[in-house]
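K.L.:
Pasting a structure here, questions to come.
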There are 6 protein chains.
Amino acid sequence: MALTHINQQGDASMVDVTNKAVTSRTAIAEGYIYMQPDTLKLVEQHGMQKGDVIAVARIAGIQAAKKCADLIPLCHPLALSKVQLDFELQPENSRVRIQSLCKLAGQTGVEMEALTAVSVAALTLFDMCKAADKSMRIDGIRVLSKQGGKSGDWSADG
Amino acid sequence: MALTHINQQGDASMVDVTNKAVTSRTAIAEGYIYMQPDTLKLVEQHGMQKGDVIAVARIAGIQAAKKCADLIPLCHPLALSKVQLDFELQPENSRVRIQSLCKLAGQTGVEMEALTAVSVAALTLFDMCKAADKSMRIDGIRVLSKQGGKSGDWSADG
Amino acid sequence: MALTHINQQGDASMVDVTNKAVTSRTAIAEGYIYMQPDTLKLVEQHGMQKGDVIAVARIAGIQAAKKCADLIPLCHPLALSKVQLDFELQPENSRVRIQSLCKLAGQTGVEMEALTAVSVAALTLFDMCKAADKSMRIDGIRVLSKQGGKSGDWSADG
Amino acid sequence: MALTHINQQGDASMVDVTNKAVTSRTAIAEGYIYMQPDTLKLVEQHGMQKGDVIAVARIAGIQAAKKCADLIPLCHPLALSKVQLDFELQPENSRVRIQSLCKLAGQTGVEMEALTAVSVAALTLFDMCKAADKSMRIDGIRVLSKQGGKSGDWSADG
Amino acid sequence: MALTHINQQGDASMVDVTNKAVTSRTAIAEGYIYMQPDTLKLVEQHGMQKGDVIAVARIAGIQAAKKCADLIPLCHPLALSKVQLDFELQPENSRVRIQSLCKLAGQTGVEMEALTAVSVAALTLFDMCKAADKSMRIDGIRVLSKQGGKSGDWSADG
Amino acid sequence: MALTHINQQGDASMVDVTNKAVTSRTAIAEGYIYMQPDTLKLVEQHGMQKGDVIAVARIAGIQAAKKCADLIPLCHPLALSKVQLDFELQPENSRVRIQSLCKLAGQTGVEMEALTAVSVAALTLFDMCKAADKSMRIDGIRVLSKQGGKSGDWSADG
């Protein structure tokens, strides 16, 4: 087992995918932002009924998926063919759940794009709520599943 | 209590800081990426002794702090005066701890920059290790402390 | 009378503002997008009552204001202190009116930022409505007023 | 009829083009900037005979076409295969006409790229002339024609 | 012989590659940064044994290759499939040699990406060493070889 | 003597300038691109008399100066107050000389911005001439002089 982006001398590079097959690839990621119950009520009030809160976070996440190769040094530039973000307010856990789905017909997987979308959507919620609540916490960012490519399909446990 | 970025009609805007005082501001944030013990050993081997792994994540975090206003729609553009990232491998918890510090002489706080630096550094570690371990998890991203500005100093509990 | 960005040899440059006073500056711009009445009803339905249409255009406009110096070659980079966009559906004219307000404490005016915000918000509405209506038209983008700076206050006629 | 970028819950997403055919696509867009006759003479003098005015606007428009997916949140990233801008000074109407042509072998149309090129070229002319004339107006930005893709060829009336 | 990016009227455009074949393309470029022997020792000390100097320059070069179409106005956007940078300290000439390799399956060559990677890596070394040595010089940036595409393979003399 | 961007552990950071004085700073840099005499004639023909060649390179250089902190990882973001590029065709040496001047009222020097402007202008000339001449060489990029700041004024020898 080895790190694919680091050669035997310890040098980083953007790995060669020139000869990988172009296949349809999908990745789904999730993450959470925990906040105080009163803060979550503000999000619910402004984001669900009439306001822009969730919409702002959604757009930020979509835009961030497209910026992934600019943010993560060894990521390949990709022409994503679909990005979708879904938000669920979970007051029983005092948190918002964020899920992203990215698709591509290309030579590399899109899990980094999906993870970046979730991360930046969570950061954007943090930004809009931070005047009310400085103790929020972003948690549980992970890949749920990926499809396509040589390494085949994969799903997270649990 | 209300969301400062959303007005009474539910519309988002970049809030007015034109008349806020220019003061020295600092924010410290942290976050974690959990991975399998064998993956952590690869990071240790390539990042601590000879390789680029930690360096790549560090640079990605510093660059991301500077891109914060481009990523988070309602953040003000800022001219950061210092960005520093520190990494600690914690094999007893099978994780890497990432801490960032951002500074500015300006009109708004820099906690979003610090949180963005930690998030993107964690995503970059994920990217470099994902061929070895798809089940990694980014966790516990939060503000540890902030100083300066009208709202005064603040530290997280615990 | 001469073009300030072009010298006597016809060469472009970013003009020197090093010694200009830092003052509070504001600019307001407007623009319109005309569409078929049925298209405007779709925007009204999705943007006013429950959906993201106007929110997406608003965020795009705010982000574009921050990118102004990256888009317009001879613009100075600015640290905007406020950006606000307002949208008004005007079915009597079969159009959406977009107004932006930008503020800065700085050395140059912010009318280009305000105009860029309106332009990109209009383009974003175009993008979301183009499957329904290819014949939309963006019109009447202009500065309404500006305040601050050596050249003083200015308002458009009519 | 519905807005393709907004689902039944009113949520925005980048629509799925994974399975659309890769075909050759072209779009042509146009727009105008109106200015006072004396301002137009300055442009003519500096842009036609020896100077950089038109060249700066042309480059800004080409660069903006490439930034389209970064500016317009729900646009797909595209690898444009051709961008061309043409300018015509029309003193009889006291305006500059701007026309753009974008091409792509890809899965989505390129009309937003063509419209963005025209818009940013017009904004760039505005920027260079604004010291002489604050009352300029950008007008008539629209798609003239598009070719390729499932929805077939289309031309604007009149 | 003519300049392909400039038409007979002298106007710049992004040339049409829509109908060019998609082939595998590679380019290798090199460049040098000369510095005082004591400065080079600092690089050697911090970059070779334990530190980040070379790693920072390497990452900057990889990221710059991906930004090429944003930096060079008439370059086509490309989805690079591999980027690699190598550094060699050459104390006998008091310089660092930088070599880059870029690959792509696409319609245009990648020599500009390779040259941009070398240039920005050299600038990054300059930045980190400039407090010690203001008289450094970046020299000898050129294409060493290119493969693929209609114009065939090419290598620099000497 | 030590590298200011690398601490004793070899870790990179963006150094703290929070408490440095805001002073007026200027930097001038130069560089050269060598080409075959016939290629230089093409540049002369298209760039001096009627065409866009020099204008495109000039705009690319100005834009690159503004992107410096995005390209060079440890550079501070700066609000440049002036950027100017000058080009001189030197057929006696079969080369184009490029000179840039950057200014800022700020806390750090602007030599990296000036060097970046020269480098990207040279790369842009390379791009436009490469169909005619693959063996061009970018050479002699260096700082000519800098003014302002704690370290005082400095000029290159010779």
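Labels used: A, B, ... for chains in the order of the structure tokens, numbers from 1 for residues in each chain, and numbers from 1 for ligands as shown.
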What's around region 29-44 of chain C at 6 Å? Count only C-alpha atoms, leave out sequence neighbours fewer than 3 positions away in its own chain, and write the answer as a ChimeraX atom specification.
P.N.:
/C:47-48,94-100,114-115,136-144
K.L.:
Compute the set of chain C residues within 12 Å of chain B, using only C-alpha atoms, and express it as a VMD selection string.
P.N.:
chain C and resid 22 to 26 47 to 50 52 54 to 68 70 77 to 87 100 to 106
K.L.:
So that I have them on file, write out the residues from the current selection with C-alpha atoms, as an mmCIF file, in the first residue's frame.
P.N.:
data_model
loop_
_atom_site.group_PDB
_atom_site.id
_atom_site.type_symbol
_atom_site.label_atom_id
_atom_site.label_comp_id
_atom_site.auth_asym_id
_atom_site.auth_seq_id
_atom_site.Cartn_x
_atom_site.Cartn_y
_atom_site.Cartn_z
ATOM 1 C CA VAL C 22 -9.378 56.978 1.348
ATOM 2 C CA THR C 23 -13.011 58.085 1.521
ATOM 3 C CA SER C 24 -16.356 56.359 1.866
ATOM 4 C CA ARG C 25 -17.752 55.618 -1.587
ATOM 5 C CA THR C 26 -21.108 54.295 -2.746
ATOM 6 C CA GLY C 47 -38.566 33.007 -6.997
ATOM 7 C CA MET C 48 -41.061 34.771 -4.934
ATOM 8 C CA GLN C 49 -43.001 32.080 -3.188
ATOM 9 C CA LYS C 50 -40.803 29.168 -2.430
ATOM 10 C CA ASP C 52 -34.316 29.645 -5.383
ATOM 11 C CA ILE C 54 -34.001 35.080 -7.318
ATOM 12 C CA ALA C 55 -31.695 33.847 -4.564
ATOM 13 C CA VAL C 56 -29.358 32.269 -7.117
ATOM 14 C CA ALA C 57 -29.217 35.495 -9.151
ATOM 15 C CA ARG C 58 -28.644 37.531 -6.001
ATOM 16 C CA ILE C 59 -25.715 35.404 -4.878
ATOM 17 C CA ALA C 60 -24.227 35.431 -8.369
ATOM 18 C CA GLY C 61 -24.402 39.227 -8.392
ATOM 19 C CA ILE C 62 -22.784 39.576 -4.964
ATOM 20 C CA GLN C 63 -19.977 37.186 -5.921
ATOM 21 C CA ALA C 64 -19.436 38.978 -9.233
ATOM 22 C CA ALA C 65 -19.010 42.331 -7.490
ATOM 23 C CA LYS C 66 -16.106 40.778 -5.595
ATOM 24 C CA LYS C 67 -14.601 39.425 -8.848
ATOM 25 C CA CYS C 68 -14.726 42.771 -10.662
ATOM 26 C CA ASP C 70 -10.473 39.855 -12.102
ATOM 27 C CA PRO C 77 -8.644 45.299 -6.602
ATOM 28 C CA LEU C 78 -10.977 46.578 -3.880
ATOM 29 C CA ALA C 79 -12.108 45.340 -0.473
ATOM 30 C CA LEU C 80 -15.850 46.046 -0.769
ATOM 31 C CA SER C 81 -17.530 46.725 2.561
ATOM 32 C CA LYS C 82 -21.120 46.168 1.426
ATOM 33 C CA VAL C 83 -22.928 44.613 -1.541
ATOM 34 C CA GLN C 84 -26.699 44.450 -1.829
ATOM 35 C CA LEU C 85 -28.925 43.439 -4.724
ATOM 36 C CA ASP C 86 -32.666 44.020 -5.061
ATOM 37 C CA PHE C 87 -34.994 42.490 -7.624
ATOM 38 C CA SER C 100 -27.271 46.903 -6.856
ATOM 39 C CA LEU C 101 -25.547 48.969 -4.194
ATOM 40 C CA CYS C 102 -21.821 48.715 -3.445
ATOM 41 C CA LYS C 103 -19.851 50.477 -0.718
ATOM 42 C CA LEU C 104 -16.191 50.884 0.082
ATOM 43 C CA ALA C 105 -13.863 52.910 2.209
ATOM 44 C CA GLY C 106 -11.124 53.261 -0.374
#
K.L.:
DSSP on the backbone: what in chain B comes out alpha helix (DSSP H), as a ChimeraX atom specification?
P.N.:
/B:37-44,53-66,68-71,111-129
K.L.:
Name all residues at most 10 Å from Asp157 (chain C) (count only C-alpha atoms; drop same-chain ones fewer than 2 positions away) and give them as a ChimeraX atom specification.
P.N.:
/C:144-145,154-155 /D:135
K.L.:
Output C-alpha atoms for every residue in the selection just made, as an mmCIF file, in the first residue's frame.
P.N.:
data_model
loop_
_atom_site.group_PDB
_atom_site.id
_atom_site.type_symbol
_atom_site.label_atom_id
_atom_site.label_comp_id
_atom_site.auth_asym_id
_atom_site.auth_seq_id
_atom_site.Cartn_x
_atom_site.Cartn_y
_atom_site.Cartn_z
ATOM 1 C CA LEU C 144 -27.881 55.560 -11.142
ATOM 2 C CA SER C 145 -25.759 57.461 -8.657
ATOM 3 C CA TRP C 154 -23.335 62.298 -9.311
ATOM 4 C CA SER C 155 -26.808 61.116 -10.307
ATOM 5 C CA SER D 135 -24.084 58.257 -18.366
#
